[in-house]
$ cat start_27.cif   # mmCIF, C-alpha atoms and all ligand atoms
data_data
#
loop_
_atom_site.label_atom_id
_atom_site.label_comp_id
_atom_site.auth_asym_id
_atom_site.auth_seq_id
_atom_site.Cartn_x
_atom_site.Cartn_y
_atom_site.Cartn_z
CA MET A 1 -10.61 0.82 44.91
CA SER A 2 -11.50 2.04 48.32
CA GLU A 3 -9.23 1.21 51.21
CA ILE A 4 -11.95 -0.92 52.79
CA GLU A 5 -12.30 -3.19 49.82
CA LYS A 6 -8.59 -3.45 49.45
CA SER A 7 -8.14 -4.67 53.02
CA GLU A 8 -11.17 -6.89 52.60
CA LEU A 9 -9.56 -8.54 49.61
CA LEU A 10 -6.19 -8.86 51.27
CA ASP A 11 -7.78 -10.34 54.41
CA ARG A 12 -9.97 -12.77 52.56
CA PHE A 13 -7.32 -14.01 50.16
CA THR A 14 -4.19 -14.54 52.13
CA TYR A 15 -2.19 -15.43 49.05
CA LEU A 16 -2.58 -11.90 47.66
CA SER A 17 0.04 -9.26 48.22
CA GLU A 18 0.06 -5.63 47.28
CA ARG A 19 2.18 -4.66 44.32
CA GLU A 20 4.08 -1.44 43.85
CA SER A 21 2.13 0.87 41.58
CA SER A 22 2.20 4.54 40.65
CA ASP A 23 -1.45 4.74 39.67
CA HIS A 24 -4.14 2.17 40.43
CA LEU A 25 -4.26 -0.54 43.01
CA ALA A 26 -2.15 -3.50 41.96
CA LEU A 27 -2.10 -6.97 43.45
CA ASN A 28 0.11 -10.00 43.07
CA CYS A 29 -1.74 -13.26 42.76
CA PRO A 30 -0.14 -16.71 42.41
CA ALA A 31 -0.99 -18.47 39.16
CA GLU A 32 -2.80 -21.41 40.82
CA GLN A 33 -5.28 -19.10 42.54
CA LEU A 34 -5.80 -16.75 39.61
CA ILE A 35 -9.08 -18.27 38.41
CA GLU A 36 -10.55 -18.39 41.90
CA PHE A 37 -9.58 -14.80 42.60
CA CYS A 38 -10.80 -13.45 39.27
CA THR A 39 -14.14 -15.22 39.66
CA VAL A 40 -14.67 -13.40 42.93
CA LEU A 41 -13.47 -10.13 41.40
CA ARG A 42 -16.04 -10.44 38.65
CA ASP A 43 -18.99 -11.77 40.63
CA GLU A 44 -18.63 -10.01 43.96
CA PHE A 45 -16.53 -6.93 43.33
CA GLN A 46 -18.12 -5.91 40.04
CA PHE A 47 -14.96 -5.90 37.98
CA ASP A 48 -16.95 -6.73 34.89
CA LEU A 49 -14.49 -5.64 32.23
CA LEU A 50 -11.15 -7.19 31.39
CA LEU A 51 -9.28 -4.41 29.64
CA ASP A 52 -5.91 -5.87 28.92
CA VAL A 53 -3.84 -9.00 29.16
CA THR A 54 -0.12 -8.68 28.73
CA ALA A 55 3.11 -9.96 30.19
CA ILE A 56 6.52 -8.77 31.32
CA ASP A 57 9.81 -10.43 30.46
CA TRP A 58 12.33 -9.80 33.24
CA ASP A 59 15.16 -11.20 31.11
CA VAL A 60 17.65 -12.92 33.40
CA ALA A 61 15.63 -12.72 36.61
CA THR A 62 13.60 -15.60 38.02
CA PRO A 63 10.66 -15.89 37.66
CA ARG A 64 11.30 -14.59 34.19
CA PHE A 65 7.70 -13.95 33.07
CA THR A 66 4.91 -12.12 34.82
CA GLY A 67 1.41 -12.06 33.40
CA VAL A 68 -0.41 -8.76 33.89
CA TYR A 69 -4.16 -8.18 33.81
CA HIS A 70 -6.05 -4.91 33.91
CA PHE A 71 -9.61 -4.98 35.16
CA TYR A 72 -12.15 -2.19 35.16
CA SER A 73 -15.38 -1.92 37.02
CA THR A 74 -18.00 -0.07 35.04
CA VAL A 75 -20.10 0.11 38.20
CA LYS A 76 -17.49 1.60 40.49
CA GLN A 77 -15.43 3.15 37.69
CA MET A 78 -12.23 1.82 39.04
CA TYR A 79 -9.18 0.07 37.70
CA LEU A 80 -7.36 -2.87 39.19
CA ARG A 81 -4.13 -4.46 38.07
CA VAL A 82 -3.39 -8.08 38.85
CA ALA A 83 0.03 -9.59 38.25
CA SER A 84 0.84 -13.24 38.28
CA ASP A 85 4.30 -14.80 38.06
CA CYS A 86 4.87 -17.77 35.79
CA VAL A 87 6.63 -20.50 37.71
CA ASP A 88 8.33 -22.12 34.74
CA ASN A 89 10.91 -20.01 32.91
CA ILE A 90 11.18 -22.34 29.93
CA LYS A 91 7.50 -22.89 29.26
CA PRO A 92 5.72 -20.09 31.12
CA THR A 93 2.16 -21.07 31.86
CA LEU A 94 -0.88 -19.29 33.26
CA PRO A 95 -4.50 -20.35 33.53
CA SER A 96 -6.71 -18.98 30.79
CA LEU A 97 -9.34 -16.42 31.75
CA VAL A 98 -11.50 -17.09 28.70
CA PRO A 99 -14.15 -19.00 30.72
CA LEU A 100 -14.56 -15.89 32.87
CA TYR A 101 -14.05 -13.05 30.40
CA SER A 102 -14.45 -13.71 26.70
CA ALA A 103 -12.34 -10.59 26.13
CA ALA A 104 -9.37 -12.66 27.20
CA ASP A 105 -9.53 -14.78 24.06
CA TRP A 106 -7.64 -12.59 21.61
CA HIS A 107 -5.59 -10.89 24.30
CA GLU A 108 -4.22 -14.22 25.44
CA ARG A 109 -3.55 -15.28 21.89
CA GLU A 110 -1.58 -12.09 21.36
CA THR A 111 0.42 -12.56 24.55
CA TYR A 112 1.07 -16.14 23.55
CA ASP A 113 2.17 -15.03 20.09
CA LEU A 114 4.51 -12.25 21.14
CA MET A 115 5.67 -13.35 24.59
CA GLY A 116 5.18 -17.10 24.52
CA ILE A 117 2.99 -17.42 27.60
CA HIS A 118 0.92 -20.60 27.41
CA TYR A 119 -2.62 -20.13 28.67
CA GLU A 120 -3.94 -23.42 29.93
CA GLY A 121 -7.55 -24.04 29.07
CA HIS A 122 -7.66 -21.54 26.22
CA PRO A 123 -10.08 -22.85 23.57
CA ASN A 124 -7.96 -21.86 20.58
CA LEU A 125 -4.44 -20.94 21.58
CA LYS A 126 -2.71 -20.18 18.32
CA ARG A 127 -0.82 -17.19 17.00
CA ILE A 128 -2.86 -14.15 16.16
CA LEU A 129 -0.38 -11.73 14.56
CA MET A 130 2.55 -13.73 13.25
CA TRP A 131 1.89 -16.70 11.00
CA ASP A 132 1.33 -20.10 12.57
CA SER A 133 4.71 -21.60 11.78
CA TYR A 134 6.71 -18.60 13.01
CA PRO A 135 9.25 -20.05 15.43
CA TYR A 136 9.93 -17.12 17.79
CA HIS A 137 8.17 -14.90 20.29
CA PRO A 138 9.31 -11.46 19.15
CA LEU A 139 8.63 -9.36 22.23
CA ARG A 140 10.87 -11.43 24.44
CA LYS A 141 13.97 -9.68 25.64
CA ASP A 142 16.32 -12.08 23.90
CA PHE A 143 14.74 -11.44 20.49
CA PRO A 144 16.47 -8.69 18.47
CA LEU A 145 14.20 -5.90 17.25
CA ALA A 146 15.66 -6.23 13.76
CA GLY A 147 14.34 -9.76 13.52
CA ILE A 148 15.89 -13.11 12.73
CA GLU A 149 16.16 -14.76 9.32
CA THR A 150 13.15 -17.02 8.93
CA PRO A 151 11.68 -18.80 5.94
CA LEU A 152 8.17 -17.82 4.89
CA PRO A 153 5.42 -20.44 4.86
CA ALA A 154 4.00 -19.85 1.35
CA GLU A 155 6.08 -22.10 -0.86
CA ASP A 156 4.69 -20.90 -4.18
CA VAL A 157 5.43 -17.27 -3.36
CA VAL A 158 8.88 -18.08 -2.04
CA GLU A 159 9.65 -19.98 -5.22
CA GLN A 160 8.76 -16.96 -7.34
CA THR A 161 10.27 -14.24 -5.22
CA ASN A 162 12.95 -15.87 -3.08
CA LEU A 163 11.49 -13.94 -0.21
CA GLN A 164 12.32 -14.69 3.38
CA VAL A 165 12.24 -12.74 6.60
CA SER A 166 15.59 -11.03 6.91
CA ALA A 167 16.95 -8.99 9.75
CA ALA A 168 16.44 -5.24 9.30
CA PRO A 169 19.00 -3.46 11.46
CA MET A 170 18.53 0.21 12.23
CA MET A 171 21.23 1.52 9.86
CA GLY A 172 22.91 3.61 12.48
CA GLY A 173 19.62 4.61 14.03
CA PRO A 174 17.59 5.41 16.01
CA PHE A 175 16.97 8.60 14.09
CA VAL A 176 16.67 11.40 16.57
CA SER A 177 17.04 15.15 16.59
CA SER A 178 19.91 16.50 18.63
CA GLY A 179 17.46 19.08 19.88
CA ASP A 180 19.98 21.90 20.26
CA GLY A 181 19.65 24.72 17.78
CA LYS A 182 17.27 25.68 15.04
CA MET A 183 14.83 23.07 13.85
CA SER A 184 16.07 23.47 10.29
CA GLN A 185 19.54 22.41 11.37
CA THR A 186 18.61 19.65 13.76
CA GLU A 187 16.58 17.31 11.64
CA PRO A 188 16.42 13.76 12.95
CA LYS A 189 19.28 11.72 11.60
CA ALA A 190 21.25 8.61 12.37
CA LYS A 191 23.88 8.98 15.05
CA ASP A 192 26.20 6.64 13.22
CA GLU A 193 26.28 7.88 9.64
CA SER A 194 29.10 5.60 8.55
CA TRP A 195 26.53 2.86 8.12
CA ASN A 196 24.43 2.53 5.02
CA GLU A 197 22.67 -0.24 3.19
CA GLU A 198 25.45 -0.71 0.65
CA LYS A 199 28.14 -1.06 3.28
CA GLY A 200 25.92 -3.20 5.42
CA LYS A 201 25.89 -5.98 2.86
CA MET B 202 -0.61 27.76 -48.45
CA ASN B 203 1.43 28.77 -45.46
CA LYS B 204 -0.94 27.61 -42.72
CA GLN B 205 0.52 24.44 -41.41
CA THR B 206 -1.64 21.58 -40.27
CA VAL B 207 0.07 19.30 -37.81
CA ALA B 208 -2.77 17.17 -36.57
CA TYR B 209 -5.67 15.46 -38.22
CA ASP B 210 -7.15 17.42 -41.08
CA SER B 211 -10.55 16.20 -42.20
CA LYS B 212 -10.25 17.95 -45.53
CA VAL B 213 -7.15 15.98 -46.40
CA GLU B 214 -7.75 12.70 -44.64
CA GLY B 215 -11.50 12.39 -44.68
CA GLU B 216 -12.86 9.98 -42.11
CA VAL B 217 -9.54 8.20 -41.67
CA ILE B 218 -6.94 8.79 -38.99
CA VAL B 219 -3.50 7.38 -39.53
CA THR B 220 -1.44 6.50 -36.51
CA ARG B 221 0.58 3.72 -34.92
CA ALA B 222 -1.11 0.84 -33.16
CA ASP B 223 1.15 1.34 -30.14
CA ALA B 224 0.04 4.92 -29.84
CA VAL B 225 -3.63 4.04 -29.91
CA ILE B 226 -3.38 1.12 -27.52
CA ASN B 227 -1.24 3.08 -25.09
CA TRP B 228 -3.52 6.06 -25.32
CA ILE B 229 -6.47 3.90 -24.41
CA ARG B 230 -4.65 2.14 -21.64
CA LYS B 231 -3.20 5.22 -20.08
CA ASN B 232 -6.50 7.01 -19.86
CA SER B 233 -8.42 4.12 -18.40
CA VAL B 234 -6.24 2.77 -15.64
CA TRP B 235 -8.35 0.76 -13.24
CA PRO B 236 -6.55 0.80 -9.92
CA MET B 237 -6.79 -1.84 -7.24
CA PRO B 238 -6.51 -0.14 -3.87
CA MET B 239 -4.22 -2.36 -1.83
CA GLY B 240 -4.85 -0.24 1.25
CA LEU B 241 -2.92 -1.74 4.12
CA ALA B 242 -2.37 1.13 6.54
CA CYS B 243 -2.64 4.88 7.02
CA CYS B 244 -1.62 5.70 3.43
CA ALA B 245 -4.92 4.22 2.28
CA ILE B 246 -6.67 7.22 3.80
CA GLU B 247 -4.80 9.53 1.45
CA LEU B 248 -5.60 7.16 -1.38
CA MET B 249 -9.27 7.57 -0.52
CA ALA B 250 -8.82 11.32 -0.48
CA ALA B 251 -7.34 11.13 -3.95
CA GLY B 252 -10.53 9.45 -5.06
CA GLY B 253 -12.73 12.08 -3.45
CA SER B 254 -14.11 15.14 -5.17
CA ARG B 255 -11.43 17.53 -3.95
CA PHE B 256 -8.53 15.77 -5.63
CA ASP B 257 -10.66 13.84 -8.06
CA ILE B 258 -8.59 11.09 -9.60
CA SER B 259 -11.28 10.66 -12.25
CA ARG B 260 -9.82 13.65 -14.10
CA PHE B 261 -7.23 11.16 -15.31
CA GLY B 262 -9.61 8.31 -16.00
CA MET B 263 -8.60 6.35 -12.94
CA GLU B 264 -11.61 6.58 -10.72
CA VAL B 265 -12.77 3.04 -11.31
CA MET B 266 -11.29 1.49 -8.18
CA ARG B 267 -11.74 -2.24 -8.42
CA PHE B 268 -11.57 -4.47 -5.40
CA SER B 269 -11.10 -7.55 -7.51
CA PRO B 270 -7.67 -8.12 -9.03
CA ARG B 271 -9.30 -9.66 -12.11
CA GLN B 272 -10.80 -6.33 -13.03
CA ALA B 273 -7.87 -4.09 -12.21
CA ASP B 274 -4.63 -3.29 -13.97
CA CYS B 275 -2.76 -1.09 -11.50
CA MET B 276 -2.16 -2.13 -7.94
CA ILE B 277 -1.65 0.81 -5.61
CA VAL B 278 0.10 -0.57 -2.55
CA ALA B 279 -0.82 2.01 0.07
CA GLY B 280 0.53 1.07 3.44
CA THR B 281 2.80 -1.09 5.53
CA VAL B 282 3.37 -4.54 4.08
CA THR B 283 4.07 -7.14 6.74
CA TYR B 284 5.70 -10.43 5.93
CA LYS B 285 2.42 -12.12 6.66
CA MET B 286 0.68 -9.90 4.11
CA ALA B 287 3.49 -10.09 1.54
CA GLU B 288 2.34 -13.45 0.27
CA VAL B 289 -1.18 -12.14 -0.15
CA VAL B 290 0.06 -9.10 -2.07
CA ARG B 291 2.00 -11.37 -4.40
CA ARG B 292 -0.95 -13.70 -4.95
CA ILE B 293 -3.27 -10.82 -5.73
CA TYR B 294 -0.69 -9.39 -8.10
CA GLU B 295 -0.53 -12.71 -9.91
CA GLN B 296 -4.29 -12.75 -10.26
CA MET B 297 -4.29 -9.46 -12.15
CA GLY B 298 -4.39 -9.82 -15.90
CA ASP B 299 -1.61 -8.43 -18.08
CA PRO B 300 -0.73 -5.68 -18.64
CA LYS B 301 -0.41 -4.62 -15.03
CA TRP B 302 1.42 -2.01 -13.08
CA VAL B 303 2.26 -1.41 -9.44
CA VAL B 304 2.56 1.87 -7.59
CA ALA B 305 4.27 1.77 -4.19
CA MET B 306 2.63 4.56 -2.27
CA GLY B 307 4.45 5.96 0.73
CA ALA B 308 7.59 5.22 2.66
CA CYS B 309 6.30 1.92 4.03
CA ALA B 310 5.44 0.33 0.72
CA SER B 311 8.60 1.68 -0.91
CA SER B 312 11.14 0.72 1.74
CA GLY B 313 9.50 -0.43 4.94
CA GLY B 314 9.53 3.15 6.12
CA MET B 315 10.03 3.67 9.80
CA TYR B 316 9.24 0.06 10.53
CA ARG B 317 12.63 -1.57 10.57
CA SER B 318 11.49 -4.55 12.49
CA TYR B 319 10.99 -8.29 12.49
CA ALA B 320 7.49 -8.10 11.04
CA THR B 321 7.72 -5.61 8.19
CA LEU B 322 8.77 -6.31 4.63
CA GLN B 323 11.45 -3.77 3.74
CA GLY B 324 9.94 -2.62 0.46
CA VAL B 325 7.15 -4.18 -1.54
CA ASP B 326 9.49 -4.33 -4.55
CA ARG B 327 10.82 -7.53 -3.04
CA VAL B 328 7.58 -9.32 -3.90
CA VAL B 329 6.07 -7.40 -6.82
CA PRO B 330 7.73 -5.32 -9.57
CA VAL B 331 7.11 -1.67 -8.76
CA ASP B 332 6.70 0.89 -11.55
CA VAL B 333 6.44 4.09 -9.58
CA TYR B 334 7.47 4.88 -6.02
CA VAL B 335 5.86 7.72 -4.11
CA SER B 336 7.74 9.30 -1.23
CA GLY B 337 6.04 10.67 1.84
CA CYS B 338 4.54 9.46 5.05
CA PRO B 339 1.82 9.65 3.97
CA PRO B 340 2.18 11.20 0.50
CA ARG B 341 -0.34 13.92 -0.17
CA PRO B 342 -3.03 13.04 -2.71
CA GLU B 343 -1.31 15.39 -5.17
CA ALA B 344 1.81 13.27 -4.87
CA LEU B 345 -0.18 10.16 -5.71
CA LEU B 346 -1.76 11.93 -8.67
CA ASP B 347 1.71 12.97 -9.79
CA ALA B 348 2.82 9.37 -9.56
CA MET B 349 -0.18 8.22 -11.55
CA ILE B 350 0.63 10.80 -14.23
CA LYS B 351 4.20 9.46 -14.25
CA LEU B 352 2.73 6.01 -14.69
CA GLN B 353 0.70 7.29 -17.62
CA GLU B 354 3.92 8.55 -19.20
CA LYS B 355 5.41 5.13 -18.69
CA ILE B 356 2.40 3.39 -20.21
CA LYS B 357 2.58 5.77 -23.15
CA ASN B 358 6.02 4.51 -24.10
CA GLU B 359 5.42 0.79 -23.87
CA ASN B 360 5.76 -1.62 -26.80
CA SER B 361 2.16 -2.75 -26.48
CA VAL B 362 1.78 -4.47 -29.85
CA LYS B 363 4.96 -6.45 -29.42
CA ASN B 364 3.87 -7.42 -25.92
CA LEU B 365 0.46 -8.43 -27.18
CA LEU B 366 1.84 -10.63 -29.93
CA THR B 367 4.53 -12.30 -27.89
CA LYS B 368 4.45 -13.55 -24.33
CA HIS B 369 3.99 -10.60 -22.05
CA PRO B 370 7.36 -9.75 -20.51
CA ILE B 371 7.64 -10.59 -16.85
CA LYS B 372 8.85 -7.60 -14.91
CA LYS B 373 11.63 -8.16 -12.46
CA ILE B 374 11.38 -7.77 -8.74
CA ARG B 375 14.23 -6.54 -6.62
CA LYS B 376 16.48 -9.37 -5.56
CA ASP B 377 19.34 -8.69 -3.26
CA ALA B 378 20.98 -10.14 -0.27
CA VAL B 379 18.98 -7.98 2.03
CA SER B 380 20.93 -5.90 4.50
S1 LIG C 401 4.19 5.62 4.82
FE1 LIG C 401 3.46 6.58 6.70
S2 LIG C 401 1.32 7.06 6.27
FE2 LIG C 401 1.96 5.53 4.77
S3 LIG C 401 1.45 3.55 5.64
FE3 LIG C 401 3.54 4.01 6.22
S4 LIG C 401 3.38 4.97 8.25
FE4 LIG C 401 1.36 5.05 7.28
#

$ encode --input "start_27.cif" --output "structure tokens" --more "lines below"
Ligand code: SF4
Amino acid sequence: MSEIEKSELLDRFTYLSERESSDHLALNCPAEQLIEFCTVLRDEFQFDLLLDVTAIDWDVATPRFTGVYHFYSTVKQMYLRVASDCVDNIKPTLPSLVPLYSAADWHERETYDLMGIHYEGHPNLKRILMWDSYPYHPLRKDFPLAGIETPLPAEDVVEQTNLQVSAAPMMGGPFVSSGDGKMSQTEPKAKDESWNEEKGK
Amino acid sequence: MNKQTVAYDSKVEGEVIVTRADAVINWIRKNSVWPMPMGLACCAIELMAAGGSRFDISRFGMEVMRFSPRQADCMIVAGTVTYKMAEVVRRIYEQMGDPKWVVAMGACASSGGMYRSYATLQGVDRVVPVDVYVSGCPPRPEALLDAMIKLQEKIKNENSVKNLLTKHPIKKIRKDAVS
């Protein structure tokens, strides 16, 4: 985005602030003004493509969740990143961009599924990757990568197989090469080899 | 007469071949395996290659890939099985008629592979009984063919008549207190 447009935006919308970025222009926008700002972005600044909707979990910091949007202008061939903090740490909420960009539909469902951001006004906000009754949001910082024991929803299958989601720890991993020496001698292996599946039981 | 005849000799036996029912049934079954490609991830690409002309799975009578479980007797699980998909895999397995076999193709299907995470089932043998495991990520088509030949060996030694006359034995899945 050219410098002129950037200052134009910052002058016109006083609630915007510039965000630290190592590539494209990035702006902070408060959640209440997000719809208003994005409407202008789309209609007046030709950012016609919503590329990505995601979120950041800052763990113990407040605000804990920040929604992140990537826009692209096919006219100006330019990227723009917009970040928006969620006020509530317990039930993080952002306005849904589906009325503006239909691309937001599945992206917001994914972010809701994995990060637990609630998009207000979304026409069909349900999980997209995990099953509907899954109780957690797995990409949050307090969720262990290995997973948490969870029952599966299909009763008939569970009855036959006794299957449930069980934690899958890394068995001494991650499996990395030490990188010093010949490749034949430095194959990737677990750092902690005392662990194995038998002992882990 | 010092020339020994080991196999069928028309002069001696005429139009009749004597054999065991098991041998015939197994011979038929093993040379007409109809696989169901349960292609769930990247391994499925190698499975497709195995069906192509270069590797040509039809040399072993297995080219009739069926996308309906009712018409198939060997499920080839090729790919990463997530917990969400696990129930589907099990249901499809149950819809296959007996006798049926399962090949776990690749590291993911066999053990979860590199995906030790909250979403991935750590080995499809926890939902369906696996007959042959294929290592590799992905296994080469030759490895899959090798596994299918191993499966043929396995089919060859089954008690088919007994299984036909009694209730078909239910194969066991792996049950353990998972790590
Ligand atoms: S074993 Fe490797 S190639 Fe096969 S599905 Fe898993 S990741 Fe893909």

$ residues_near_ligand --input "start_27.cif" --ligand "ligand LIG 401 (chain C)" --cutoff "9 Å" --atoms "all atoms listed in the file" --output "list in words"
Gly240, Leu241, Ala242, Cys243, Cys244, Ala245, Ile246, Glu247, Ala279, Gly280, Thr281, Val282, Met306, Gly307, Ala308, Cys309, Ala310, Ser311, Gly313, Gly314, Met315, Tyr316, Ser336, Gly337, Cys338, Pro339 and Pro340 of chain B

$ interface_residues --input "start_27.cif" --of "chain A" --to "chain B" --cutoff "8 Å" --atoms "all atoms listed in the file" --output "PyMOL selection string"
chain A and resi 130-131+138+145-148+152+154+157+161-163+165-170+197-198+200-201

$ atom_distance --input "start_27.cif" --atom1 "CA of Asp59 in chain A" --atom2 "CA of Asp85 in chain A"
13.4 Å

$ residues_around --input "start_27.cif" --residues "Gln46 in chain A" --least-positions-apart "2" --cutoff "10 Å" --atoms "only C-alpha atoms" --output "MDAnalysis selection string"
chainID A and resid 40:44 48:49 71:78

$ closest_residue --input "start_27.cif" --among "B:Asp257, B:Met239, B:Lys231, B:Ala251" --to "Pro270 in chain B" --atoms "only C-alpha atoms"
B:Met239

$ closest_residue --input "start_27.cif" --among "A:Asp52, A:Val158, A:Ala83, A:Glu110" --to "Glu18 in chain A" --atoms "only C-alpha atoms"
A:Ala83

$ residues_around --input "start_27.cif" --residues "Tyr112 in chain A" --least-positions-apart "6" --cutoff "10 Å" --atoms "only C-alpha atoms" --output "list in words"
Thr54, Ala55, Pro92, Thr93, Trp106, His118, Tyr119, Leu125, Lys126, Arg127, Ile128 and His137 of chain A

$ residues_near_point --input "start_27.cif" --point "(6.0, 3.6, -14.3)" --cutoff "8 Å" --atoms "all atoms listed in the file" --output "PyMOL selection string"
chain B and resi 302-304+331-333+351-356

$ atom_distance --input "start_27.cif" --atom1 "CA of Glu120 in chain A" --atom2 "CA of Val98 in chain A"
9.9 Å

$ atom_distance --input "start_27.cif" --atom1 "CA of Tyr101 in chain A" --atom2 "CA of Thr39 in chain A"
9.5 Å

$ axis_aligned_box --input "start_27.cif" --around "range 113-122 of chain A" --padding-each-side "3 Å" --output "JSON"
{"center_x": -1.0, "center_y": -18.1, "center_z": 25.0, "size_x": 19.3, "size_y": 17.8, "size_z": 15.8}

$ closest_residue --input "start_27.cif" --among "B:Asp274, B:Val213, B:Ser361, B:Gly324" --to "Pro238 in chain B" --atoms "only C-alpha atoms"
B:Asp274

$ residues_around --input "start_27.cif" --residues "Arg81 in chain A" --least-positions-apart "5" --cutoff "8 Å" --atoms "only C-alpha atoms" --output "PDB file with C-alpha atoms, in the coordinates of the input"
ATOM      1  CA  HIS A  24      -4.140   2.170  40.430  1.00  0.00           C
ATOM      2  CA  LEU A  25      -4.260  -0.540  43.010  1.00  0.00           C
ATOM      3  CA  ALA A  26      -2.150  -3.500  41.960  1.00  0.00           C
ATOM      4  CA  LEU A  27      -2.100  -6.970  43.450  1.00  0.00           C
ATOM      5  CA  VAL A  68      -0.410  -8.760  33.890  1.00  0.00           C
ATOM      6  CA  TYR A  69      -4.160  -8.180  33.810  1.00  0.00           C
ATOM      7  CA  HIS A  70      -6.050  -4.910  33.910  1.00  0.00           C
ATOM      8  CA  PHE A  71      -9.610  -4.980  35.160  1.00  0.00           C
TER       9      PHE A  71
END

$ residues_around --input "start_27.cif" --residues "Ala31 in chain A" --least-positions-apart "2" --cutoff "6 Å" --atoms "only C-alpha atoms" --output "list of chain:residue names"
A:Gln33, A:Leu34, A:Ser84, A:Leu94

$ residues_around --input "start_27.cif" --residues "Ile90 in chain A" --least-positions-apart "2" --cutoff "10 Å" --atoms "only C-alpha atoms" --output "MDAnalysis selection string"
chainID A and resid 64:65 86:88 92:93 116:117

$ closest_residue --input "start_27.cif" --among "B:Ser211, B:Ser259, B:Asn364, B:Thr220" --to "Asn232 in chain B" --atoms "only C-alpha atoms"
B:Ser259

$ build_atoms --input "start_27.cif" --residues "range 18-23 of chain A" --atoms "all heavy atoms" --output "tab-separated table (two decimals), in the frame of the given file"
chain	number	residue	atom	x	y	z
A	18	GLU	N	0.18	-6.88	48.02
A	18	GLU	CA	0.06	-5.63	47.28
A	18	GLU	C	1.30	-5.42	46.43
A	18	GLU	O	2.41	-5.80	46.82
A	18	GLU	CB	-0.15	-4.46	48.25
A	18	GLU	CG	-0.75	-3.28	47.54
A	18	GLU	CD	-1.14	-2.15	48.50
A	18	GLU	OE1	-1.25	-2.40	49.70
A	18	GLU	OE2	-1.30	-1.03	48.00
A	19	ARG	N	1.09	-4.82	45.28
A	19	ARG	CA	2.18	-4.66	44.32
A	19	ARG	C	2.45	-3.18	44.16
A	19	ARG	O	1.54	-2.35	44.19
A	19	ARG	CB	1.74	-5.26	42.99
A	19	ARG	CG	2.77	-5.32	41.92
A	19	ARG	CD	2.15	-5.91	40.66
A	19	ARG	NE	3.07	-5.82	39.54
A	19	ARG	CZ	4.05	-6.67	39.32
A	19	ARG	NH1	4.22	-7.69	40.13
A	19	ARG	NH2	4.87	-6.52	38.29
A	20	GLU	N	3.71	-2.85	44.00
A	20	GLU	CA	4.08	-1.44	43.85
A	20	GLU	C	3.42	-0.86	42.59
A	20	GLU	O	3.43	-1.50	41.54
A	20	GLU	CB	5.59	-1.32	43.71
A	20	GLU	CG	6.12	0.04	44.08
A	20	GLU	CD	7.62	0.13	43.81
A	20	GLU	OE1	8.31	-0.86	44.12
A	20	GLU	OE2	8.04	1.16	43.30
A	21	SER	N	2.83	0.31	42.73
A	21	SER	CA	2.13	0.87	41.58
A	21	SER	C	2.11	2.39	41.71
A	21	SER	O	1.97	2.92	42.80
A	21	SER	CB	0.70	0.34	41.53
A	21	SER	OG	-0.08	1.13	40.68
A	22	SER	N	2.22	3.07	40.58
A	22	SER	CA	2.20	4.54	40.65
A	22	SER	C	0.82	5.08	40.30
A	22	SER	O	0.61	6.29	40.32
A	22	SER	CB	3.25	5.12	39.72
A	22	SER	OG	3.01	4.67	38.41
A	23	ASP	N	-0.10	4.21	39.94
A	23	ASP	CA	-1.45	4.74	39.67
A	23	ASP	C	-2.52	3.95	40.43
A	23	ASP	O	-2.86	4.30	41.55
A	23	ASP	CB	-1.73	4.79	38.17
A	23	ASP	CG	-1.28	3.54	37.44
A	23	ASP	OD1	-1.06	2.52	38.11
A	23	ASP	OD2	-1.15	3.59	36.20
